[in-house]
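*Asks:* What follows is the file start26.pdb, containing PDB, C-alpha atoms and all ligand atoms:
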```pdb
ATOM      1  CA  MET A   1      91.676  57.318  67.154
ATOM      2  CA  THR A   2      94.452  59.888  67.371
ATOM      3  CA  LYS A   3      96.536  60.146  70.509
ATOM      4  CA  SER A   4      95.146  62.911  72.663
ATOM      5  CA  LYS A   5      97.356  65.871  73.361
ATOM      6  CA  SER A   6      98.380  66.546  76.942
ATOM      7  CA  LYS A   7      95.654  68.531  78.687
ATOM      8  CA  PHE A   8      98.089  70.395  80.905
ATOM      9  CA  LEU A   9     101.437  72.146  80.763
ATOM     10  CA  ILE A  10     104.292  71.808  83.221
ATOM     11  CA  VAL A  11     105.321  75.187  84.677
ATOM     12  CA  PRO A  12     108.783  75.049  86.270
ATOM     13  CA  LEU A  13     110.134  77.855  88.411
ATOM     14  CA  ALA A  14     110.693  81.050  86.384
ATOM     15  CA  SER A  15     114.305  81.610  85.308
ATOM     16  CA  GLU A  16     114.148  85.130  86.784
ATOM     17  CA  ILE A  17     113.454  83.653  90.226
ATOM     18  CA  ALA A  18     116.258  81.092  89.934
ATOM     19  CA  ASP A  19     118.681  83.825  88.797
ATOM     20  CA  ALA A  20     117.606  86.136  91.629
ATOM     21  CA  ALA A  21     118.191  83.329  94.139
ATOM     22  CA  ARG A  22     121.715  82.775  92.755
ATOM     23  CA  GLN A  23     122.471  86.487  93.072
ATOM     24  CA  ALA A  24     121.041  86.691  96.585
ATOM     25  CA  ALA A  25     123.110  83.675  97.658
ATOM     26  CA  ALA A  26     126.230  85.217  96.102
ATOM     27  CA  HIS A  27     125.598  88.336  98.197
ATOM     28  CA  GLY A  28     125.236  86.315 101.378
ATOM     29  CA  ALA A  29     121.490  86.759 101.937
ATOM     30  CA  GLY A  30     120.632  85.168 105.276
ATOM     31  CA  ASP A  31     117.637  83.280 103.906
ATOM     32  CA  HIS A  32     119.566  81.793 100.964
ATOM     33  CA  ALA A  33     121.764  78.864 102.009
ATOM     34  CA  ILE A  34     124.232  76.966  99.838
ATOM     35  CA  ILE A  35     123.790  73.232 100.408
ATOM     36  CA  VAL A  36     125.852  70.394  98.932
ATOM     37  CA  ALA A  37     123.609  67.523  97.813
ATOM     38  CA  ASP A  38     124.524  64.332  99.655
ATOM     39  CA  SER A  39     121.928  61.935  98.213
ATOM     40  CA  PRO A  40     120.655  61.263  94.679
ATOM     41  CA  HIS A  41     116.929  61.823  95.322
ATOM     42  CA  GLY A  42     116.756  64.476  98.026
ATOM     43  CA  PHE A  43     117.460  67.724  96.194
ATOM     44  CA  PRO A  44     115.164  68.388  93.224
ATOM     45  CA  CYS A  45     115.981  71.588  91.325
ATOM     46  CA  ARG A  46     112.732  73.515  90.677
ATOM     47  CA  HIS A  47     114.177  75.117  87.564
ATOM     48  CA  CYS A  48     115.459  72.148  85.495
ATOM     49  CA  LEU A  49     113.297  69.579  87.395
ATOM     50  CA  HIS A  50     116.212  67.179  87.802
ATOM     51  CA  PHE A  51     117.558  65.859  91.072
ATOM     52  CA  ALA A  52     120.958  67.237  92.051
ATOM     53  CA  ARG A  53     123.741  64.695  91.836
ATOM     54  CA  PRO A  54     125.586  64.110  95.110
ATOM     55  CA  GLY A  55     128.262  66.780  95.411
ATOM     56  CA  GLU A  56     126.375  69.426  93.418
ATOM     57  CA  ARG A  57     125.815  72.779  95.117
ATOM     58  CA  MET A  58     122.208  73.879  95.567
ATOM     59  CA  ILE A  59     120.633  77.081  96.842
ATOM     60  CA  LEU A  60     117.953  76.601  99.476
ATOM     61  CA  PHE A  61     115.585  79.550  99.817
ATOM     62  CA  PRO A  62     111.952  80.360 100.659
ATOM     63  CA  TYR A  63     109.416  80.630  97.838
ATOM     64  CA  ALA A  64     105.793  81.746  98.047
ATOM     65  CA  ALA A  65     104.090  79.140  95.851
ATOM     66  CA  ILE A  66     100.713  80.424  97.080
ATOM     67  CA  PRO A  67     101.016  84.198  97.450
ATOM     68  CA  ALA A  68     100.329  86.098 100.651
ATOM     69  CA  GLY A  69      96.828  87.373 101.360
ATOM     70  CA  HIS A  70      94.902  84.103 100.983
ATOM     71  CA  PRO A  71      93.808  81.465 103.508
ATOM     72  CA  TYR A  72      96.067  78.908 101.817
ATOM     73  CA  SER A  73      99.044  81.282 101.491
ATOM     74  CA  GLU A  74     102.205  79.252 101.741
ATOM     75  CA  THR A  75     105.892  80.056 101.645
ATOM     76  CA  GLY A  76     108.369  77.237 101.954
ATOM     77  CA  PRO A  77     111.870  76.050 101.137
ATOM     78  CA  ILE A  78     112.890  75.073  97.601
ATOM     79  CA  PHE A  79     116.186  74.206  95.876
ATOM     80  CA  VAL A  80     117.683  75.442  92.643
ATOM     81  CA  HIS A  81     121.078  74.527  91.242
ATOM     82  CA  ALA A  82     123.724  77.026  92.377
ATOM     83  CA  GLU A  83     125.185  76.905  88.855
ATOM     84  CA  PRO A  84     123.030  78.052  85.919
ATOM     85  CA  CYS A  85     120.850  75.223  84.543
ATOM     86  CA  LEU A  86     118.390  74.902  81.677
ATOM     87  CA  ARG A  87     114.739  75.459  82.574
ATOM     88  CA  TYR A  88     112.698  72.285  82.061
ATOM     89  CA  ASP A  89     111.181  72.580  78.597
ATOM     90  CA  ALA A  90     109.332  69.296  77.994
ATOM     91  CA  VAL A  91     106.196  71.114  79.078
ATOM     92  CA  ASN A  92     103.852  68.403  77.779
ATOM     93  CA  GLU A  93     105.517  65.627  79.773
ATOM     94  CA  PHE A  94     105.287  64.967  83.489
ATOM     95  CA  PRO A  95     108.936  65.106  84.686
ATOM     96  CA  ASP A  96     110.222  61.554  84.732
ATOM     97  CA  GLU A  97     112.339  61.913  87.869
ATOM     98  CA  LEU A  98     109.415  63.332  89.831
ATOM     99  CA  ARG A  99     106.768  60.707  89.155
ATOM    100  CA  GLN A 100     107.138  59.304  92.653
ATOM    101  CA  GLY A 101     107.131  60.812  96.105
ATOM    102  CA  ARG A 102     104.771  63.637  95.131
ATOM    103  CA  VAL A 103     101.394  64.773  96.279
ATOM    104  CA  LEU A 104      99.250  66.678  93.775
ATOM    105  CA  ARG A 105      97.103  69.548  95.022
ATOM    106  CA  ALA A 106      94.366  71.233  92.978
ATOM    107  CA  TYR A 107      93.559  74.918  93.536
ATOM    108  CA  ASN A 108      90.848  77.245  92.258
ATOM    109  CA  SER A 109      91.491  80.702  90.824
ATOM    110  CA  LYS A 110      91.338  82.228  94.340
ATOM    111  CA  PHE A 111      94.221  79.988  95.470
ATOM    112  CA  ASP A 112      91.940  77.819  97.626
ATOM    113  CA  MET A 113      93.002  74.165  97.771
ATOM    114  CA  ILE A 114      90.078  72.095  96.484
ATOM    115  CA  ASP A 115      91.549  68.596  96.135
ATOM    116  CA  ALA A 116      94.726  66.595  96.830
ATOM    117  CA  GLU A 117      96.008  63.110  96.141
ATOM    118  CA  VAL A 118      99.257  61.193  96.642
ATOM    119  CA  VAL A 119     100.501  59.842  93.302
ATOM    120  CA  ASP A 120     102.803  57.056  94.461
ATOM    121  CA  GLY A 121     101.875  53.887  92.595
ATOM    122  CA  CYS A 122      99.549  55.514  90.073
ATOM    123  CA  GLU A 123      99.917  57.500  86.867
ATOM    124  CA  PRO A 124     100.329  61.190  87.824
ATOM    125  CA  LYS A 125      99.016  62.378  84.446
ATOM    126  CA  GLU A 126      95.672  60.681  85.107
ATOM    127  CA  VAL A 127      95.342  62.351  88.503
ATOM    128  CA  VAL A 128      96.115  65.783  87.031
ATOM    129  CA  GLU A 129      93.650  65.277  84.179
ATOM    130  CA  ARG A 130      90.960  64.138  86.594
ATOM    131  CA  PHE A 131      91.493  67.273  88.722
ATOM    132  CA  LEU A 132      91.259  69.406  85.583
ATOM    133  CA  GLN A 133      87.925  67.832  84.657
ATOM    134  CA  ASN A 134      86.561  69.970  87.467
ATOM    135  CA  PRO A 135      86.006  73.347  85.756
ATOM    136  CA  VAL A 136      86.782  75.115  89.038
ATOM    137  CA  THR A 137      90.381  73.812  89.045
ATOM    138  CA  ALA A 138      92.717  76.614  87.973
ATOM    139  CA  PHE A 139      96.055  74.849  88.489
ATOM    140  CA  VAL A 140      97.631  71.819  90.142
ATOM    141  CA  ASP A 141     100.791  71.876  92.253
ATOM    142  CA  ALA A 142     103.185  68.973  92.828
ATOM    143  CA  ARG A 143     104.815  68.878  96.247
ATOM    144  CA  SER A 144     107.022  66.478  98.155
ATOM    145  CA  VAL A 145     104.829  63.906  99.840
ATOM    146  CA  THR A 146     107.175  63.717 102.844
ATOM    147  CA  ARG A 147     108.392  67.262 103.504
ATOM    148  CA  GLY A 148     105.616  69.100 101.710
ATOM    149  CA  CYS A 149     107.941  71.316  99.677
ATOM    150  CA  TYR A 150     106.607  72.903  96.488
ATOM    151  CA  THR A 151     108.070  71.221  93.392
ATOM    152  CA  PHE A 152     106.308  72.542  90.252
ATOM    153  CA  ARG A 153     102.960  73.717  88.885
ATOM    154  CA  MET A 154     100.689  72.431  86.143
ATOM    155  CA  GLU A 155      98.255  74.622  84.216
ATOM    156  CA  ARG A 156      95.601  73.901  81.610
ATOM    157  CA  ALA A 157      97.075  73.518  78.106
TER     158      ALA A 157
HETATM  159 ZN    ZN B 201     118.627  72.873  87.897
END
```
Please, can you express the file's structure as structure tokens?
Ligand SMILES: [Zn+2]
*Replies:*
Amino acid sequence: MTKSKSKFLIVPLASEIADAARQAAAHGAGDHAIIVADSPHGFPCRHCLHFARPGERMILFPYAAIPAGHPYSETGPIFVHAEPCLRYDAVNEFPDELRQGRVLRAYNSKFDMIDAEVVDGCEPKEVVERFLQNPVTAFVDARSVTRGCYTFRMERA
């Protein structure tokens, strides 16, 4: 039996959004703060999907993961590296550094949340694939299990 291909793709934050956040922070936008990471697992960059190393500068800004105009609309704080970084490109692999401390939420095409599960202690890929077995699932979002912050999206391959 051949190894089955990943059934979903990782979708990190768009480079255009990361670049716009860097420009806004450089221009002193009030809702874009520069934060210096002071712990190794507290500041995940949504663009490269790596944790900031202590001492690295991050931009903290609000992002509408679920757009306005829906019951589950949600805007919340996310980090990107203040310096340019490479967008995560291992789109068939669940990001290694983010396998723990995440909750996975399934949404339908109208942005309604239809399922959610904490992945600590289990294989995140299996949870995502189970959500996608439901034909109504349009995408799955990973968020911080503690603070609830949006981390990245997964879409059907
Ligand atoms: Zn980064």
*Asks:* What do you get as a list of chain:residue names if you pick all residues at most 8 Å from ligand ZN 201 (chain B), counting only C-alpha atoms and all ligand atoms?
*Replies:* A:Pro44, A:Cys45, A:Arg46, A:His47, A:Cys48, A:Leu49, A:His50, A:Phe51, A:Ala52, A:Val80, A:His81, A:Ala82, A:Glu83, A:Pro84, A:Cys85, A:Leu86, A:Arg87
*Asks:* For stretch 63-70 of chain A, work out the shell of residues within 12 Å, counting all atoms listed in the file and skipping chain neighbours fewer than 2 positions away, then give it as a VMD selection string.
*Replies:* chain A and resid 11 to 14 17 to 18 20 to 21 31 to 32 46 59 to 61 72 to 80 105 to 113 139 to 143 148 to 153
*Asks:* On this structure, the PyMOL selection byres (((chain A and resi 57) around 6) and not hetatm) would catch which residues? List them as a PyMOL selection string, sorted by chain and number.
*Replies:* chain A and resi 35-36+56+58+82
*Asks:* Pull C-alpha atoms from the residues just selected and write them as an mmCIF file, in the frame of the given file.
*Replies:*
```cif
data_model
loop_
_atom_site.group_PDB
_atom_site.id
_atom_site.type_symbol
_atom_site.label_atom_id
_atom_site.label_comp_id
_atom_site.auth_asym_id
_atom_site.auth_seq_id
_atom_site.Cartn_x
_atom_site.Cartn_y
_atom_site.Cartn_z
ATOM 1 C CA ILE A 35 123.790 73.232 100.408
ATOM 2 C CA VAL A 36 125.852 70.394 98.932
ATOM 3 C CA GLU A 56 126.375 69.426 93.418
ATOM 4 C CA MET A 58 122.208 73.879 95.567
ATOM 5 C CA ALA A 82 123.724 77.026 92.377
#
```
*Asks:* Considering all atoms listed in the file, state which residue in the set A:Leu9, A:Ala116, A:Val145, A:Ala33 is at the smallest distance from A:Leu98.
*Replies:*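 So, comparing all the options, the nearest one is A:Val145.
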*Asks:* Could you tell me how far atom CA of A:Leu132 sits from atom CA of A:Arg156, in Å to one decimal place?
*Replies:*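 Separation between atom CA of A:Arg156 and atom CA of A:Leu132: 7.4 Å.
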*Asks:* In Å to one decimal, how far is atom CA of A:Glu126 from atom CA of A:Asn92?
*Replies:*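 Rounded to one decimal, the two atoms are 13.4 Å apart.
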*Asks:* Name every residue that the PyMOL selection byres (((chain A and resi 124) around 10) and not hetatm) selects in this structure, writing the answer as a list in words with chains first and numbers rising.
*Replies:* Phe94, Pro95, Leu98, Arg99, Gln100, Arg102, Val103, Leu104, Glu117, Val118, Val119, Asp120, Gly121, Cys122, Glu123, Lys125, Glu126, Val127, Val128, Glu129, Arg130 and Ala142 of chain A
*Asks:* Rank nothing, just name the residue among A:Arg147, A:Arg53, A:Ile114, A:Gly28 nearest to A:Asn134, using only C-alpha atoms.
*Replies:* A:Ile114
*Asks:* Please, what distance in Å, to one decimal, runs between atom CA of A:Gly101 and atom CA of A:Glu16?
*Replies:*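 These two atoms are separated by 27.0 Å.
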*Asks:* Using only C-alpha atoms, which residue out of A:Ala29, A:Ile10, A:Val91, A:Ala157 lies closest to A:Pro62?
*Replies:*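 Closest candidate: A:Ala29.
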*Asks:* When you count only C-alpha atoms, which of these residues is closest to A:Ala138: A:Glu155, A:Glu93, A:Ser39, A:Asp19?
*Replies:*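 For A:Ala138, the nearest of the candidates is A:Glu155.
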*Asks:* Kindly add N, CA and C atoms to the incomplete stretch 23-46 of chain A and provide the output as a compact mmCIF listing (two decimals), in the frame of the given file.
*Replies:*
```
# COMPACT_ATOMS: atom_id res chain seq x y z
N GLN A 23 121.85 85.20 92.73
CA GLN A 23 122.47 86.49 93.07
C GLN A 23 122.38 86.76 94.57
N ALA A 24 121.21 86.46 95.15
CA ALA A 24 121.04 86.69 96.58
C ALA A 24 122.02 85.83 97.38
N ALA A 25 122.19 84.57 96.95
CA ALA A 25 123.11 83.68 97.66
C ALA A 25 124.54 84.19 97.52
N ALA A 26 124.87 84.70 96.32
CA ALA A 26 126.23 85.22 96.10
C ALA A 26 126.51 86.42 96.98
N HIS A 27 125.44 87.16 97.34
CA HIS A 27 125.60 88.34 98.20
C HIS A 27 125.40 88.00 99.67
N GLY A 28 125.29 86.72 99.97
CA GLY A 28 125.24 86.32 101.38
C GLY A 28 123.90 86.53 102.07
N ALA A 29 122.81 86.58 101.32
CA ALA A 29 121.49 86.76 101.94
C ALA A 29 121.25 85.67 102.99
N GLY A 30 120.77 86.10 104.15
CA GLY A 30 120.63 85.17 105.28
C GLY A 30 119.63 84.06 105.03
N ASP A 31 118.65 84.31 104.16
CA ASP A 31 117.64 83.28 103.91
C ASP A 31 117.93 82.48 102.64
N HIS A 32 119.14 82.58 102.12
CA HIS A 32 119.57 81.79 100.96
C HIS A 32 120.81 81.00 101.37
N ALA A 33 120.65 79.71 101.57
CA ALA A 33 121.76 78.86 102.01
C ALA A 33 122.31 78.06 100.84
N ILE A 34 123.62 77.87 100.82
CA ILE A 34 124.23 76.97 99.84
C ILE A 34 124.39 75.61 100.51
N ILE A 35 123.81 74.59 99.86
CA ILE A 35 123.79 73.23 100.41
C ILE A 35 124.49 72.33 99.38
N VAL A 36 125.25 71.37 99.85
CA VAL A 36 125.85 70.39 98.93
C VAL A 36 125.00 69.12 99.01
N ALA A 37 124.47 68.72 97.85
CA ALA A 37 123.61 67.52 97.81
C ALA A 37 124.41 66.31 98.26
N ASP A 38 123.82 65.53 99.16
CA ASP A 38 124.52 64.33 99.66
C ASP A 38 123.71 63.05 99.44
N SER A 39 122.68 63.14 98.58
CA SER A 39 121.93 61.94 98.21
C SER A 39 121.36 62.17 96.82
N PRO A 40 121.07 61.09 96.08
CA PRO A 40 120.66 61.26 94.68
C PRO A 40 119.19 61.65 94.47
N HIS A 41 118.35 61.53 95.51
CA HIS A 41 116.93 61.82 95.32
C HIS A 41 116.38 62.73 96.41
N GLY A 42 117.21 63.61 96.94
CA GLY A 42 116.76 64.48 98.03
C GLY A 42 116.73 65.95 97.68
N PHE A 43 117.25 66.31 96.49
CA PHE A 43 117.46 67.72 96.19
C PHE A 43 116.97 68.06 94.78
N PRO A 44 115.66 68.09 94.58
CA PRO A 44 115.16 68.39 93.22
C PRO A 44 115.27 69.88 92.90
N CYS A 45 115.89 70.19 91.77
CA CYS A 45 115.98 71.59 91.32
C CYS A 45 114.64 71.97 90.71
N ARG A 46 114.04 73.08 91.18
CA ARG A 46 112.73 73.52 90.68
C ARG A 46 112.82 74.20 89.33
```
